[in-house]
Each structure stands twice: as structure tokens, then as C-alpha cells.
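Participant: There's a structure below that I have some questions on.
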Amino acid sequence: MQKSDRLAAEIVALCMSDDDAWPLETLLADLWATGEADRHRDALFDVLERRPLADDHASNTLRRWLEILPGGGQALVASARRRPSLMTTRMLNRFLNGGIASIEGTSLLDLLGEVRDDPTVPGEVREEAADCLAWQQERTATGGSESVVEVD
């Protein structure tokens, strides 16, 4: 088993447990240092999908690392379509706040609308998507920067 495989397995196990998640930062940094973190992107998004209502240290730490992982935008869109969570919904909002309107032709505003309107999505996640959409509409209506960047 490669070092990155072992680290990814430890990260997933730690995030799925009720144990103290503070070692997560170190494990994620070690995974990043292997140069193979992107190979484990889907497994890390899967953690957020399996815990869609999680809003704890582990989920927020994982979200921050996934946001900076190269190519993470495509995986974010896929995850938000597959099984949206509080964290992936917040990530979509953060991309919009950063001026990114779409990823590979997918409008992030439209995707938030899909999450908000999908009755199979947990209510808390739909509410988060509605709040994010309201924020984006208010931000652009009051002269905030409009998202115009397309990411491939």
C-alpha cells in the first residue's frame, strides 16, 4: 500500500468516527506532501456526501483542503449533483464569492437552485442552498462583484 493510500484511508476513518479530529490537519498535510492528494479527491468528497449534515471540525477542515486541491471544481460539481451536503453547498457559495460563475459549463447558481429544489436532499442542505442563493442575489443587487469567471 502506497503512503498516500494509507493516509487517505486514515483521513476517511477519522472523519467518519466520533473521535477527536484534531490530527486531521497533519494527516491532510502529509497526504498533500505525497504529491498524490488529487488521486484521493473522490474518496474525500465521499466523506462529505456520507455526512451531509455534518458541520464539525473534521468537515470544515476537509472542506478547506478540498477547496485548494487542483481540479477540485469538477469534483465539487459532481459531488453536489450526486449527494449535496452542507459543506459542498458552502463550497459552491465560496466559489461564487470568489468570482467563479461556472465550472466546465455548469452554472454554480443553477446548481445551487437544483440543490434547493430537490426534495430528496435533506432539508437543512436545501435551506443552506436557499440562503446561499439569496446571498448571491443580494450581493449582486447591492453592487457586489458579479461572478464572471469560467473554470475548466
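Letters A, B, ... mark the chains of the C-alpha cells in the order given; residue numbers begin at 1 per chain; ligand numbers begin at 1, in order shown.
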Skipping near chain neighbours, those fewer than 2 positions away, what residues fall within 12 Å of Leu133 of chain A using only C-alpha atoms, listed as a tab-separated table (two decimals) with N, CA and C atoms, in the first residue's frame?
Facilitator:
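Below is the file result.tsv, written as the result:
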```tsv
chain	number	residue	atom	x	y	z
A	89	THR	N	-22.34	22.58	-0.50
A	89	THR	CA	-23.16	23.76	-0.79
A	89	THR	C	-22.39	25.03	-0.42
A	90	ARG	N	-21.73	25.01	0.70
A	90	ARG	CA	-20.91	26.17	1.10
A	90	ARG	C	-19.73	26.37	0.16
A	92	LEU	N	-19.72	25.70	-3.06
A	92	LEU	CA	-20.27	26.35	-4.25
A	92	LEU	C	-20.41	27.85	-4.00
A	93	ASN	N	-20.93	28.21	-2.84
A	93	ASN	CA	-21.10	29.62	-2.49
A	93	ASN	C	-19.75	30.34	-2.43
A	94	ARG	N	-18.75	29.68	-1.88
A	94	ARG	CA	-17.43	30.30	-1.78
A	94	ARG	C	-16.80	30.51	-3.16
A	96	LEU	N	-18.54	31.09	-5.87
A	96	LEU	CA	-19.26	32.26	-6.38
A	96	LEU	C	-18.73	33.55	-5.75
A	97	ASN	N	-18.48	33.54	-4.45
A	97	ASN	CA	-17.92	34.72	-3.78
A	97	ASN	C	-16.57	35.09	-4.37
A	108	LEU	N	-22.92	27.67	-11.37
A	108	LEU	CA	-22.98	27.37	-9.94
A	108	LEU	C	-24.27	27.88	-9.31
A	109	LEU	N	-24.79	28.99	-9.82
A	109	LEU	CA	-26.09	29.48	-9.32
A	109	LEU	C	-27.19	28.48	-9.66
A	110	ASP	N	-27.17	27.97	-10.89
A	110	ASP	CA	-28.18	26.97	-11.28
A	110	ASP	C	-28.04	25.72	-10.43
A	111	LEU	N	-26.81	25.31	-10.16
A	111	LEU	CA	-26.60	24.11	-9.35
A	111	LEU	C	-27.12	24.32	-7.93
A	112	LEU	N	-26.89	25.49	-7.35
A	112	LEU	CA	-27.46	25.79	-6.03
A	112	LEU	C	-28.99	25.73	-6.08
A	113	GLY	N	-29.56	26.22	-7.18
A	113	GLY	CA	-31.01	26.14	-7.35
A	113	GLY	C	-31.51	24.71	-7.41
A	114	GLU	N	-30.75	23.85	-8.09
A	114	GLU	CA	-31.12	22.43	-8.16
A	114	GLU	C	-31.09	21.80	-6.77
A	115	VAL	N	-30.07	22.13	-5.99
A	115	VAL	CA	-29.96	21.59	-4.63
A	115	VAL	C	-31.15	22.08	-3.80
A	116	ARG	N	-31.45	23.36	-3.89
A	116	ARG	CA	-32.56	23.95	-3.13
A	116	ARG	C	-33.90	23.30	-3.47
A	117	ASP	N	-34.09	22.95	-4.74
A	117	ASP	CA	-35.39	22.47	-5.21
A	117	ASP	C	-35.54	20.95	-5.18
A	126	ARG	N	-31.01	21.95	1.73
A	126	ARG	CA	-31.82	22.78	0.84
A	126	ARG	C	-31.91	24.21	1.38
A	127	GLU	N	-32.08	24.34	2.71
A	127	GLU	CA	-32.12	25.68	3.32
A	127	GLU	C	-30.80	26.42	3.14
A	128	GLU	N	-29.70	25.70	3.28
A	128	GLU	CA	-28.37	26.32	3.08
A	128	GLU	C	-28.24	26.81	1.64
A	129	ALA	N	-28.70	26.00	0.68
A	129	ALA	CA	-28.64	26.40	-0.73
A	129	ALA	C	-29.51	27.63	-0.96
A	130	ALA	N	-30.69	27.67	-0.36
A	130	ALA	CA	-31.57	28.84	-0.50
A	130	ALA	C	-30.91	30.09	0.09
A	131	ASP	N	-30.29	29.94	1.25
A	131	ASP	CA	-29.58	31.07	1.87
A	131	ASP	C	-28.43	31.55	0.99
A	135	TRP	N	-28.06	35.19	-0.72
A	135	TRP	CA	-26.85	36.00	-0.51
A	135	TRP	C	-26.28	36.44	-1.85
A	136	GLN	N	-26.19	35.55	-2.81
A	136	GLN	CA	-25.62	35.89	-4.11
A	136	GLN	C	-26.48	36.93	-4.82
A	137	GLN	N	-27.80	36.81	-4.73
A	137	GLN	CA	-28.69	37.79	-5.35
A	137	GLN	C	-28.55	39.15	-4.67
A	138	GLU	N	-28.47	39.16	-3.35
A	138	GLU	CA	-28.30	40.41	-2.61
A	138	GLU	C	-26.95	41.04	-2.93
A	139	ARG	N	-25.94	40.21	-3.00
A	139	ARG	CA	-24.58	40.70	-3.26
A	139	ARG	C	-24.50	41.39	-4.61
A	140	THR	N	-25.09	40.78	-5.63
A	140	THR	CA	-25.01	41.39	-6.96
A	140	THR	C	-25.97	42.58	-7.08
```
Participant: Would you pick out the contacts of Gln2 of chain A at 12 Å or less, using only C-alpha atoms, so that residues sharing its chain but fewer than 3 positions from it are not included, and give the list as a ChimeraX atom specification?
Facilitator: /A:5-9,31,34-37,39-40
Participant: Atoms to include: C-alpha atoms. Write the selected residues as a compact mmCIF listing (two decimals), in the first residue's frame.
Facilitator:
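The result, stored in selection_39.txt:
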```txt
# COMPACT_ATOMS: atom_id res chain seq x y z
CA ASP A 5 -3.37 5.29 0.11
CA ARG A 6 -2.68 4.72 3.80
CA LEU A 7 -3.06 8.42 4.63
CA ALA A 8 -6.31 8.73 2.67
CA ALA A 9 -7.71 5.69 4.49
CA LEU A 31 -1.25 13.48 2.10
CA THR A 34 2.97 12.94 -1.18
CA GLY A 35 2.02 14.79 -4.36
CA GLU A 36 -0.86 12.36 -4.83
CA ALA A 37 -3.67 14.08 -2.94
CA ARG A 39 -5.79 10.82 -6.60
CA HIS A 40 -7.88 10.62 -3.43
```
Participant: Hey, can you check how far atom CA of Ser17 of chain A sits from atom CA of Asp118 of chain A?
Facilitator: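 Straight-line distance from atom CA of Ser17 of chain A to atom CA of Asp118 of chain A works out to 28.4 Å.
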Participant: Name all residues at most 8 Å from segment 62-72 of chain A (count only C-alpha atoms; drop same-chain ones fewer than 5 positions away) and give them as a list in words.
Facilitator: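 Skipping anything fewer than 5 positions along the chain leaves Leu28, Ala37, Asp38, Arg41, Leu44, Phe45, Met87, Thr88 and Met91 of chain A.
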Participant: Include N, CA and C atoms and write out the residues we just selected as an mmCIF file, in the first residue's frame.
Facilitator:
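Final file, result.cif:
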```cif
data_model
loop_
_atom_site.group_PDB
_atom_site.id
_atom_site.type_symbol
_atom_site.label_atom_id
_atom_site.label_comp_id
_atom_site.auth_asym_id
_atom_site.auth_seq_id
_atom_site.Cartn_x
_atom_site.Cartn_y
_atom_site.Cartn_z
ATOM 1 N N LEU A 28 -3.863 15.475 6.515
ATOM 2 C CA LEU A 28 -4.095 16.105 5.216
ATOM 3 C C LEU A 28 -2.818 16.739 4.673
ATOM 4 N N ALA A 37 -2.394 13.782 -3.601
ATOM 5 C CA ALA A 37 -3.671 14.085 -2.941
ATOM 6 C C ALA A 37 -4.822 14.070 -3.937
ATOM 7 N N ASP A 38 -4.570 14.554 -5.157
ATOM 8 C CA ASP A 38 -5.643 14.604 -6.143
ATOM 9 C C ASP A 38 -6.176 13.217 -6.499
ATOM 10 N N ARG A 41 -9.158 12.517 -4.211
ATOM 11 C CA ARG A 41 -10.184 13.558 -4.160
ATOM 12 C C ARG A 41 -11.591 12.963 -3.996
ATOM 13 N N LEU A 44 -12.357 11.661 -0.566
ATOM 14 C CA LEU A 44 -12.538 12.737 0.411
ATOM 15 C C LEU A 44 -13.906 13.405 0.248
ATOM 16 N N PHE A 45 -14.334 13.607 -1.006
ATOM 17 C CA PHE A 45 -15.681 14.142 -1.218
ATOM 18 C C PHE A 45 -16.733 13.155 -0.717
ATOM 19 N N MET A 87 -21.415 21.102 3.409
ATOM 20 C CA MET A 87 -20.072 21.550 3.032
ATOM 21 C C MET A 87 -19.951 21.806 1.531
ATOM 22 N N THR A 88 -20.499 20.919 0.686
ATOM 23 C CA THR A 88 -20.377 21.150 -0.759
ATOM 24 C C THR A 88 -21.212 22.363 -1.166
ATOM 25 N N MET A 91 -19.177 25.285 -0.331
ATOM 26 C CA MET A 91 -18.068 25.403 -1.277
ATOM 27 C C MET A 91 -18.543 26.072 -2.565
#
```
Participant: Which value, in Å to one decimal, gives the distance between atom CA of Leu53 of chain A and atom CA of Cys15 of chain A?
Facilitator: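 Computing it gives 13.2 Å between the two atoms.
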Participant: Taking into account only C-alpha atoms, which residue in the set A:Ala13, A:Ala29, A:Gln74, A:Glu49 is nearest to Ser107 of chain A?
Facilitator: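 Using only C-alpha atoms, the shortest distance to Ser107 of chain A belongs to A:Gln74.
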Participant: With only C-alpha atoms as the atoms that count, which of A:Ala134, A:Ile11, A:Val125, A:Val77 lies nearest to Asp55 of chain A?
Facilitator: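 Among A:Ala134, A:Ile11, A:Val125, A:Val77, it is A:Val125 that comes nearest to Asp55 of chain A.
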Participant: Measuring atom to atom with only C-alpha atoms, identify which of A:Ala33, A:Leu24, A:Met16, A:Ala54 is nearest to Ser4 of chain A.
Facilitator: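 The shortest atom-to-atom distance to Ser4 of chain A comes from A:Ala33.
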Participant: Just checking: using only C-alpha atoms, which residue out of A:Ser79, A:Gly73, A:Pro84, A:Val121 ends up closest to Glu104 of chain A?
Facilitator: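 Of A:Ser79, A:Gly73, A:Pro84, A:Val121, the one nearest Glu104 of chain A is A:Gly73, counting only C-alpha atoms.
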Participant: Taking the backbone alone, and naming residues the way the document does, which bits of segment 80-148 of chain A are strand (DSSP E) by DSSP, as a list in words?
Facilitator: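 Those in segment 80-148 of chain A that DSSP calls strand (DSSP E) are Ile100, Ala101, Ser102, Ile103, Thr106 and Ser107 of chain A.
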Participant: Out of A:Thr142, A:Leu86, A:Ala75, A:Phe95, which residue has the shortest atom-to-atom distance to Asn60 of chain A when counting only C-alpha atoms?
Facilitator: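 With only C-alpha atoms as the atom set, the closest residue is A:Leu86.
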